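What follows is a set of notes on a single structure, which appears directly below.
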Amino acid sequence: MEWEVCPIVFEKPYADAEDCPEADEVPALVSWTAPAFIVGYCWICIVTALIIGFCAFNQRFAPIGNVVPLDEFTKARSRRKSSYPALEDMTKGKDDEASRAWTQTAYKKTIVGTTVYALVIATWWAFHAVLAVLVKFYYDQQNGKETNNPFEDETQVLSVFVVVLLIGFVWSLHLKWPSSIRSLFLRRCKFAEADYIAVWCPASAQVNENTKRARHIQRILCCMDAFNRCFNAYLSFLYSDVTRPKIKGSFKFCPVEQNPDGSKSFMFRLRRYNMNQAMSCFHPGVMTVGRTLRDFLDQSNGLSEDEVTKRIAHVGENKIYMKKPNIVLSICEEFSKLFYVYQMYIVWTWLNYWYYYMGLIYLATFVIGGLSVAYIKFKSDRKLYKLSQLTGSVEVLRDGEMTTKQQEELVPGDVVALSPGTVSCDLVVISGDNVLLQESALTGEANPVVKSSVDPAEGKALYDLKEHRRHTIFAGTEIVECKEDDRGIVVKAGSFSTRGELIRDILYYERYRFKFDVEIEIVLGILICWALIAFGITIRLLGGVAENSVYTFFYGVYVVASVIPPLLPTVFVVSVGISHDRLFRQRIACSESQAILVAGKVSVAFFDKTGTLTKQGMDFISAESFVDGSRSEDSWNESMTMAMSVCHMLVKSNQGAFIGNQVDACMFEASKAELECSDDKAIKITPQNAAKPLVVVKRFEFDHHRMTQSVVVMDTDSGRVFAFVKGSAESIKKLCKEESLPSDFDDLTKNSAKSGIYQISVAMKEVLNANLKDSATIVRDDVESSLVFQGFIDFKNSMREETPHVLKELAAGDVHSIMVTGDSIYTGVCIARESGLIAPENQVLIGQLDERGQIVWTDGDDVADAPSLKELQNPDSNTDLALSGEAWTALAARSKTEAVKFADHIKVFGRCSPNDKVAIVANFVKQGRITLMCGDGGNDCGALKTAHVGIALSDSEASIVSPFTSLDKTISSVLDVLKEGRCALASALKVYKYELMYGQITTFNQMANAWFGITFAEWNWVFMDGIWMISMAFTLPRARANKKLSPVRPTASLLGPHTMSSYLGILLINFLAMVVGLVALNQQSWYQCRKWVMDDISLILVLGDNYESTVIWLITGYQYISSAGAYNFGFTHRAPWWSNYRFVFFFVAFTVLHYYVTLSENRVSCLFRINCGNENVVRPVIGSEPYPINNNWNTTVMPYPFRWVMIGIMTANAIFNFVWEYYFVNGLGKKIGEKMRAKKAANKSGRIYTSEETSFENDETKGKGDDAV
């Protein structure tokens, strides 16, 4: 049908149009010089001038007081420095710079500052109040209520609204730059007058510096960094912020408290800082009780009440000053962020111009998102708060008498009576030899441990938390058994205790930064630029339609609001929260939920051997005795029987169970001896067939440096005194007389280790009574010297059933597994072969130090040449390396470059001390590898904290030794954590793509609407921006983790080829589908007489009843659903798409609804003003009566054949989306990635390293560390 005949067919509507009366005279524009506007101008200018003037006077022209370094960073690092020297080398340089960057500046409240602050807050809320009043005036105009309305028509209201909106947004944006608005109006002062202390906190998120970035990404980052520097310089100048350091960070304003004694202090990061009058600044309220062990013994008489009062004033109460989480405060903190300020002003634009229902939907959308983020954070904080709180009473020695006090009243130096229960501070035992503790909550150690009192013979030794842990009871551990007269002295309390330090680490942990942390800034920059471009295009498209530019402004703002989705901040938080809950249901406790995302990028996994790869217990095999270097005819002679009976650290609990090292327990059980503790605390051991017991004179616990444990006993029958020593073969050999050793000693120990035997060597000597007048005088060096070798004791450590499967799946998942063990390197290699860590057919080169300190490589019993890096990197190479802890330390000390080169080919580290384990893990961390450490606590604590992801095998849900705790104590939890980490990261990227897709679909359909001068009906927006988007976004990340690890880790790049091909491909398909739909509409003959012609976009309620909006909404509306369906695919790291049943339910339900609306002609379709006539119209979102179809033909019903055309386009659109994502992005893209990795690996095998290289430059070509920054 030709357009010329349309007036004939529709004669009545066109005649009515011609008879329309002329428009009334356009009222005059609002006068911007009216008194009300003058008052507003003056108010804003005065308040702004007061802000700038106060800041300039305070900081630039008349500053008082100095900026002083804060002794925070070095104190926090001192614990790790003393315990783990390897960390000091790893962070050397950076730590020194960061420690100088922590500063403190004093501020106080003044009447002037408080007044200006009140004016600013009043102005802040006044903007919103004025906007609310203008919204009311607009609707009053629309409804004909002109009473008390100063505006002549809605155009004037909207014009004023736009001006207030823009000024308010820019003004509020500037006020979000300072740390807080309140801090702007505090007066600089001297520290003695301070009400607040501003602490500068440098950004401490650990960054991988070795990752290469694409050149164009690097250039964009440089441009953005330059822009940020300029913008920050502008704001720093505006606010006269001369105290801000040049390095990245933020200010934290801490209120100063007045103590009862008149002193001042403030709390920062759970730590108390006291005013030091002499230094005129604040210092940490830490107190050192004693330097040597003798100092603790000398303070056994306790403190006086007066002294306690002084110490409380200095260190504060013995508690962790963590505020109780409050859901309201969490919500306020979340919604005070800059993103929500932007969102709130966007909501105001929707609330106006008859889009109030959209404003409410938009408000509900970002409020739901913000509440989700706040609630997840609140749950995490609440859990940590429960861990930080300890209450109860304790008996303490005050003024020479025992008195009952609360745990919070303890101070360093207090002498307390030990009693069963949880300990709230670090104690040193000064009386008591068999204090039984459960340390699983703090160290992850599954078995109870025994603590003993300080040895007077070591009184001159400097106290070290690690060296003397046998005498130390850590805060957070539980005393299981002790005697009534057992005593301990408080050495550290509150946040300075070991438990307090760990909670500080968790609370202020900053996750390692990935590519998406950096690239999200680029994405936001791109979105902002695109929003401005789209705004301009929209204004241009509406230029010929709108009578007044104010209406085009609102259309443009709606397009801007669509570009940046309101749920974007929830992308990673929601995915992590879902995985956190799933891990807990799998009995894996998580104390640092942010570590879940890090687990998704793990490329190296370290495992302890005993109790981790193998079972906890030991099986006794045999004992072999030697006399004068020769095998004894009796394989188990009297001396060996005595050694097995007494050379251990076992104690007997009140229930009769033996507590101590499992090897000791297994050995003692095999000896069939009897142990008893007499009333005088003496330990008596009766060997099998012995007439009288042996009395333990003194014990020396196992020392990781000496690799020995010893005991001195007296034979009550003969009065003779013997010293027994057991330990590693290497250590015992050095302590024994040469003539007592068998000539083939090294071969014997090596052969046993190769067979997987856990072997300890035993030696002894007789000690003269003259040296034992006082057991306190016995020195360990005297005991462990000039020994006579006695023989070997052999044990077998059985493999866990799940170990081979776990290691096999890790290897299939491109995770390099490494064993770090304190056992013999040969035992480690044997277990590695049994577990599949080393293939049976592979050659193993073992590196150990010789007597000259040189690394000697052996292949079996033969000396081998040093391994060639080129040969090791050959894909066909079947050579693996094993290295002792000493050899690794020597290699790293001699040449870090060489150590880095070979690290990737080492499968076993043997004879590793706890410090060696930390150094090994720290080296991989430094090179940018994302690491995991799995251990059973105890001597693995340092490595568990050093690795990016630590998994402790412990049955304590409250364990804080590592981010993850396997309550079932199984290494299968490693797979569960990695699967959930990869699933969370992949799901977060999918939701991110969907959120951006939602924004761009909305942007395109709104720009198309602007082209035609139309919009959608009310319920259409409700479903698109409310029901559909929220349902899809919150169910999309609920897919379960895949059952197996993929050979590749998920990308963490927002601008990488995988992410961009997925996003841009579907975006292009969706755009073409919309174009095809409009072209198909234009080809319809019936449409030629029903084209929409609109010259006034101010009548918003009548712009949706046309076929253009029908087609655009049907096609782009279903794209919200089909795009989410495409992103639900992801078999690599997530379970098959159908297993996400919540999402599938909504997808099917929304699809059925959409297709039904397209094909039907009833009240359901009329809800969306689709296929609707006046006989079926329904009421709008908010309204009491339905309004008729507002077009000349009084209907939006499409011919039935064209409905099927729409169904075909929507279905084809969805199919193309699915095919693109499933087959091209996930399928073909995966194959291309595999070929590229294989090609790069081949190139790498022939690579020649230069002497200048000190890092794993080949990580990115292997896909390792490619997403860490």
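The chains in the structure tokens are called A, B, ... from first to last as shown; in each chain the residues are counted from 1, and the ligands are counted from 1 in the order shown.
Residue neighbourhood of A:Phe1129, excluding near-sequence residues (fewer than 3 positions): Lys990, Leu1036, Ala1039, Ala1124, Gly1125, Ala1126, Thr1132, Arg1134, Ala1135, Pro1136, Trp1137, Trp1138, Asn1140, Phe1218, Glu1221, Tyr1222 and Asn1226 of chain A, at 10 Å, using only C-alpha atoms.
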Save the residues we just selected, C-alpha atoms, as a CSV table (one decimal), in the first residue's frame?
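Wrote it out as result_38.csv, contents follow:
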```csv
chain,number,residue,atom,x,y,z
A,990,LYS,CA,30.6,-14.0,32.7
A,1036,LEU,CA,24.2,-16.6,36.3
A,1039,ALA,CA,26.7,-22.5,38.3
A,1124,ALA,CA,22.7,-14.4,29.5
A,1125,GLY,CA,21.9,-17.9,28.2
A,1126,ALA,CA,25.0,-17.7,26.0
A,1132,THR,CA,35.8,-25.5,31.1
A,1134,ARG,CA,31.9,-24.4,35.4
A,1135,ALA,CA,29.5,-27.4,35.4
A,1136,PRO,CA,27.3,-27.9,32.3
A,1137,TRP,CA,24.8,-25.2,31.6
A,1138,TRP,CA,21.8,-27.3,32.6
A,1140,ASN,CA,22.6,-24.1,36.9
A,1218,PHE,CA,24.8,-19.6,21.6
A,1221,GLU,CA,29.9,-18.5,22.6
A,1222,TYR,CA,29.8,-22.3,22.7
A,1226,ASN,CA,34.8,-21.7,24.2
```
Spatial neighbours of A:Phe185, 12 Å, only C-alpha atoms, chain gap at least 2 places, as number ranges by chain: A: 50-59, 107-121, 178-183, 187-188, 196, 239
Please save N, CA and C atoms of the selected residues as a short mmCIF file (atom, residue, chain, number, x, y, z; two decimals), in the first residue's frame.
```
data_model
loop_
_atom_site.label_atom_id
_atom_site.label_comp_id
_atom_site.auth_asym_id
_atom_site.auth_seq_id
_atom_site.Cartn_x
_atom_site.Cartn_y
_atom_site.Cartn_z
N LEU A 50 34.37 29.00 51.30
CA LEU A 50 34.74 28.63 52.67
C LEU A 50 35.55 27.34 52.68
N ILE A 51 35.16 26.36 51.87
CA ILE A 51 35.91 25.10 51.81
C ILE A 51 37.33 25.35 51.35
N ILE A 52 37.47 26.03 50.21
CA ILE A 52 38.80 26.27 49.65
C ILE A 52 39.63 27.14 50.58
N GLY A 53 38.99 28.17 51.14
CA GLY A 53 39.72 29.08 52.02
C GLY A 53 40.18 28.40 53.30
N PHE A 54 39.30 27.60 53.91
CA PHE A 54 39.68 26.91 55.14
C PHE A 54 40.84 25.95 54.88
N CYS A 55 40.77 25.20 53.78
CA CYS A 55 41.83 24.25 53.47
C CYS A 55 43.15 24.97 53.21
N ALA A 56 43.09 26.07 52.47
CA ALA A 56 44.31 26.82 52.18
C ALA A 56 44.93 27.38 53.45
N PHE A 57 44.11 27.96 54.31
CA PHE A 57 44.62 28.50 55.57
C PHE A 57 45.19 27.39 56.45
N ASN A 58 44.49 26.26 56.49
CA ASN A 58 44.86 25.17 57.39
C ASN A 58 46.14 24.47 56.94
N GLN A 59 46.27 24.24 55.64
CA GLN A 59 47.37 23.41 55.15
C GLN A 59 48.51 24.20 54.51
N TYR A 107 45.35 16.67 64.13
CA TYR A 107 44.26 17.58 63.80
C TYR A 107 43.36 17.73 65.02
N LYS A 108 42.66 18.86 65.06
CA LYS A 108 41.70 19.07 66.14
C LYS A 108 40.44 19.75 65.59
N LYS A 109 39.37 19.62 66.34
CA LYS A 109 38.12 20.26 65.96
C LYS A 109 38.12 21.72 66.43
N THR A 110 37.56 22.59 65.58
CA THR A 110 37.42 24.00 65.93
C THR A 110 35.98 24.43 65.60
N ILE A 111 35.59 25.55 66.20
CA ILE A 111 34.23 26.05 65.95
C ILE A 111 34.07 26.44 64.49
N VAL A 112 35.09 27.06 63.92
CA VAL A 112 35.02 27.48 62.52
C VAL A 112 34.91 26.27 61.61
N GLY A 113 35.78 25.30 61.85
CA GLY A 113 35.76 24.09 61.01
C GLY A 113 34.45 23.34 61.12
N THR A 114 33.94 23.23 62.34
CA THR A 114 32.67 22.52 62.55
C THR A 114 31.53 23.26 61.86
N THR A 115 31.56 24.58 61.91
CA THR A 115 30.52 25.37 61.25
C THR A 115 30.55 25.17 59.74
N VAL A 116 31.74 25.25 59.17
CA VAL A 116 31.85 25.04 57.71
C VAL A 116 31.41 23.64 57.35
N TYR A 117 31.80 22.66 58.17
CA TYR A 117 31.40 21.27 57.92
C TYR A 117 29.87 21.14 57.93
N ALA A 118 29.21 21.78 58.90
CA ALA A 118 27.75 21.74 58.97
C ALA A 118 27.12 22.38 57.73
N LEU A 119 27.72 23.47 57.26
CA LEU A 119 27.21 24.12 56.05
C LEU A 119 27.36 23.20 54.83
N VAL A 120 28.48 22.50 54.76
CA VAL A 120 28.71 21.60 53.62
C VAL A 120 27.71 20.45 53.62
N ILE A 121 27.50 19.86 54.79
CA ILE A 121 26.53 18.77 54.89
C ILE A 121 25.13 19.26 54.55
N PRO A 178 38.43 13.72 49.06
CA PRO A 178 39.10 13.58 50.37
C PRO A 178 38.73 12.26 51.05
N SER A 179 39.50 11.88 52.08
CA SER A 179 39.21 10.65 52.81
C SER A 179 37.83 10.70 53.42
N SER A 180 37.44 11.85 53.91
CA SER A 180 36.08 12.05 54.42
C SER A 180 35.81 13.56 54.41
N ILE A 181 34.54 13.89 54.33
CA ILE A 181 34.20 15.32 54.33
C ILE A 181 34.57 15.94 55.66
N ARG A 182 34.37 15.19 56.74
CA ARG A 182 34.67 15.73 58.08
C ARG A 182 36.15 16.09 58.21
N SER A 183 37.00 15.29 57.58
CA SER A 183 38.44 15.52 57.73
C SER A 183 38.89 16.82 57.09
N ARG A 187 41.39 21.21 62.05
CA ARG A 187 42.51 22.16 62.07
C ARG A 187 43.80 21.45 62.42
N ARG A 188 44.83 21.68 61.59
CA ARG A 188 46.16 21.16 61.92
C ARG A 188 46.59 21.70 63.27
N TYR A 196 42.17 14.23 66.48
CA TYR A 196 42.26 13.18 65.46
C TYR A 196 43.71 13.08 65.00
N TYR A 239 42.36 21.67 47.33
CA TYR A 239 42.19 21.45 48.77
C TYR A 239 43.46 21.74 49.57
#
```
A:Ala729, A:Leu985, A:Ala763, A:Ile346 ranked by distance to A:Asp747, top pick (using only C-alpha atoms): A:Ala729
Backbone-only DSSP, alpha helix (DSSP H) members of stretch 938-988 of chain A, as a VMD selection string: chain A and resid 941 to 946 972 to 988
Write the selection just made, keeping N, CA, C and O atoms, as a PDB file, in the first residue's frame?
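Written file, out_34.pdb:
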```
ATOM      1  N   CYS A 941      53.556 -23.424  59.184  1.00  0.00           N
ATOM      2  CA  CYS A 941      52.820 -22.158  59.359  1.00  0.00           C
ATOM      3  C   CYS A 941      53.407 -21.037  58.524  1.00  0.00           C
ATOM      4  O   CYS A 941      52.668 -20.279  57.878  1.00  0.00           O
ATOM      5  N   GLY A 942      54.730 -20.904  58.527  1.00  0.00           N
ATOM      6  CA  GLY A 942      55.357 -19.831  57.772  1.00  0.00           C
ATOM      7  C   GLY A 942      55.071 -19.925  56.294  1.00  0.00           C
ATOM      8  O   GLY A 942      54.727 -18.929  55.646  1.00  0.00           O
ATOM      9  N   ALA A 943      55.186 -21.123  55.738  1.00  0.00           N
ATOM     10  CA  ALA A 943      54.922 -21.312  54.307  1.00  0.00           C
ATOM     11  C   ALA A 943      53.452 -21.098  53.996  1.00  0.00           C
ATOM     12  O   ALA A 943      53.106 -20.575  52.939  1.00  0.00           O
ATOM     13  N   LEU A 944      52.563 -21.513  54.910  1.00  0.00           N
ATOM     14  CA  LEU A 944      51.125 -21.324  54.699  1.00  0.00           C
ATOM     15  C   LEU A 944      50.782 -19.841  54.603  1.00  0.00           C
ATOM     16  O   LEU A 944      49.908 -19.447  53.832  1.00  0.00           O
ATOM     17  N   LYS A 945      51.448 -18.997  55.390  1.00  0.00           N
ATOM     18  CA  LYS A 945      51.174 -17.569  55.349  1.00  0.00           C
ATOM     19  C   LYS A 945      51.895 -16.881  54.185  1.00  0.00           C
ATOM     20  O   LYS A 945      51.443 -15.855  53.694  1.00  0.00           O
ATOM     21  N   THR A 946      53.010 -17.457  53.742  1.00  0.00           N
ATOM     22  CA  THR A 946      53.773 -16.825  52.665  1.00  0.00           C
ATOM     23  C   THR A 946      53.115 -17.035  51.319  1.00  0.00           C
ATOM     24  O   THR A 946      53.117 -16.136  50.470  1.00  0.00           O
ATOM     25  N   SER A 972      42.226 -33.587  49.233  1.00  0.00           N
ATOM     26  CA  SER A 972      41.222 -33.395  48.186  1.00  0.00           C
ATOM     27  C   SER A 972      40.647 -31.990  48.255  1.00  0.00           C
ATOM     28  O   SER A 972      40.106 -31.470  47.270  1.00  0.00           O
ATOM     29  N   SER A 973      40.779 -31.362  49.417  1.00  0.00           N
ATOM     30  CA  SER A 973      40.306 -29.982  49.575  1.00  0.00           C
ATOM     31  C   SER A 973      41.070 -29.033  48.663  1.00  0.00           C
ATOM     32  O   SER A 973      40.554 -27.978  48.296  1.00  0.00           O
ATOM     33  N   VAL A 974      42.306 -29.396  48.306  1.00  0.00           N
ATOM     34  CA  VAL A 974      43.075 -28.561  47.380  1.00  0.00           C
ATOM     35  C   VAL A 974      42.344 -28.465  46.047  1.00  0.00           C
ATOM     36  O   VAL A 974      42.202 -27.379  45.470  1.00  0.00           O
ATOM     37  N   LEU A 975      41.864 -29.602  45.565  1.00  0.00           N
ATOM     38  CA  LEU A 975      41.106 -29.603  44.317  1.00  0.00           C
ATOM     39  C   LEU A 975      39.824 -28.781  44.456  1.00  0.00           C
ATOM     40  O   LEU A 975      39.462 -28.021  43.557  1.00  0.00           O
ATOM     41  N   ASP A 976      39.140 -28.939  45.593  1.00  0.00           N
ATOM     42  CA  ASP A 976      37.887 -28.213  45.802  1.00  0.00           C
ATOM     43  C   ASP A 976      38.118 -26.709  45.798  1.00  0.00           C
ATOM     44  O   ASP A 976      37.340 -25.953  45.195  1.00  0.00           O
ATOM     45  N   VAL A 977      39.183 -26.267  46.464  1.00  0.00           N
ATOM     46  CA  VAL A 977      39.475 -24.828  46.521  1.00  0.00           C
ATOM     47  C   VAL A 977      39.830 -24.299  45.136  1.00  0.00           C
ATOM     48  O   VAL A 977      39.350 -23.230  44.719  1.00  0.00           O
ATOM     49  N   LEU A 978      40.665 -25.035  44.395  1.00  0.00           N
ATOM     50  CA  LEU A 978      41.055 -24.580  43.065  1.00  0.00           C
ATOM     51  C   LEU A 978      39.855 -24.577  42.114  1.00  0.00           C
ATOM     52  O   LEU A 978      39.693 -23.656  41.305  1.00  0.00           O
ATOM     53  N   LYS A 979      39.020 -25.595  42.203  1.00  0.00           N
ATOM     54  CA  LYS A 979      37.833 -25.641  41.335  1.00  0.00           C
ATOM     55  C   LYS A 979      36.899 -24.473  41.623  1.00  0.00           C
ATOM     56  O   LYS A 979      36.407 -23.812  40.701  1.00  0.00           O
ATOM     57  N   GLU A 980      36.670 -24.225  42.922  1.00  0.00           N
ATOM     58  CA  GLU A 980      35.784 -23.108  43.267  1.00  0.00           C
ATOM     59  C   GLU A 980      36.419 -21.772  42.905  1.00  0.00           C
ATOM     60  O   GLU A 980      35.738 -20.835  42.505  1.00  0.00           O
ATOM     61  N   GLY A 981      37.743 -21.671  43.070  1.00  0.00           N
ATOM     62  CA  GLY A 981      38.420 -20.432  42.688  1.00  0.00           C
ATOM     63  C   GLY A 981      38.298 -20.162  41.205  1.00  0.00           C
ATOM     64  O   GLY A 981      38.014 -19.039  40.779  1.00  0.00           O
ATOM     65  N   ARG A 982      38.515 -21.200  40.402  1.00  0.00           N
ATOM     66  CA  ARG A 982      38.391 -21.027  38.955  1.00  0.00           C
ATOM     67  C   ARG A 982      36.946 -20.754  38.566  1.00  0.00           C
ATOM     68  O   ARG A 982      36.681 -19.934  37.673  1.00  0.00           O
ATOM     69  N   CYS A 983      36.023 -21.448  39.222  1.00  0.00           N
ATOM     70  CA  CYS A 983      34.601 -21.230  38.934  1.00  0.00           C
ATOM     71  C   CYS A 983      34.197 -19.808  39.293  1.00  0.00           C
ATOM     72  O   CYS A 983      33.483 -19.139  38.523  1.00  0.00           O
ATOM     73  N   ALA A 984      34.636 -19.324  40.453  1.00  0.00           N
ATOM     74  CA  ALA A 984      34.285 -17.962  40.885  1.00  0.00           C
ATOM     75  C   ALA A 984      34.849 -16.927  39.927  1.00  0.00           C
ATOM     76  O   ALA A 984      34.174 -15.948  39.568  1.00  0.00           O
ATOM     77  N   LEU A 985      36.102 -17.122  39.494  1.00  0.00           N
ATOM     78  CA  LEU A 985      36.721 -16.174  38.576  1.00  0.00           C
ATOM     79  C   LEU A 985      36.024 -16.200  37.219  1.00  0.00           C
ATOM     80  O   LEU A 985      35.734 -15.148  36.631  1.00  0.00           O
ATOM     81  N   ALA A 986      35.738 -17.412  36.722  1.00  0.00           N
ATOM     82  CA  ALA A 986      35.047 -17.523  35.438  1.00  0.00           C
ATOM     83  C   ALA A 986      33.638 -16.942  35.520  1.00  0.00           C
ATOM     84  O   ALA A 986      33.190 -16.233  34.609  1.00  0.00           O
ATOM     85  N   SER A 987      32.938 -17.238  36.615  1.00  0.00           N
ATOM     86  CA  SER A 987      31.574 -16.713  36.778  1.00  0.00           C
ATOM     87  C   SER A 987      31.574 -15.199  36.880  1.00  0.00           C
ATOM     88  O   SER A 987      30.699 -14.521  36.323  1.00  0.00           O
ATOM     89  N   ALA A 988      32.550 -14.651  37.604  1.00  0.00           N
ATOM     90  CA  ALA A 988      32.637 -13.195  37.730  1.00  0.00           C
ATOM     91  C   ALA A 988      32.832 -12.550  36.361  1.00  0.00           C
ATOM     92  O   ALA A 988      32.219 -11.518  36.055  1.00  0.00           O
TER      93      ALA A 988
END
```
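For A:Val130, the list of residues within 10 Å, based on only C-alpha atoms and with local chain neighbours fewer than 3 positions off taken out, reads Trp125, Ala126, Phe127, Val133, Leu134, Val135, Lys136, Val160, Phe161, Val164 and Leu165 of chain A.
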Surrounding residues of A:Cys934 excluding itself and chain neighbours under 2 positions, 12 Å, only C-alpha atoms, as an NGL selection string: :A and (444 or 604-613 or 817-821 or 917 or 921 or 931-932 or 936-954 or 961-966 or 969-975 or 977)
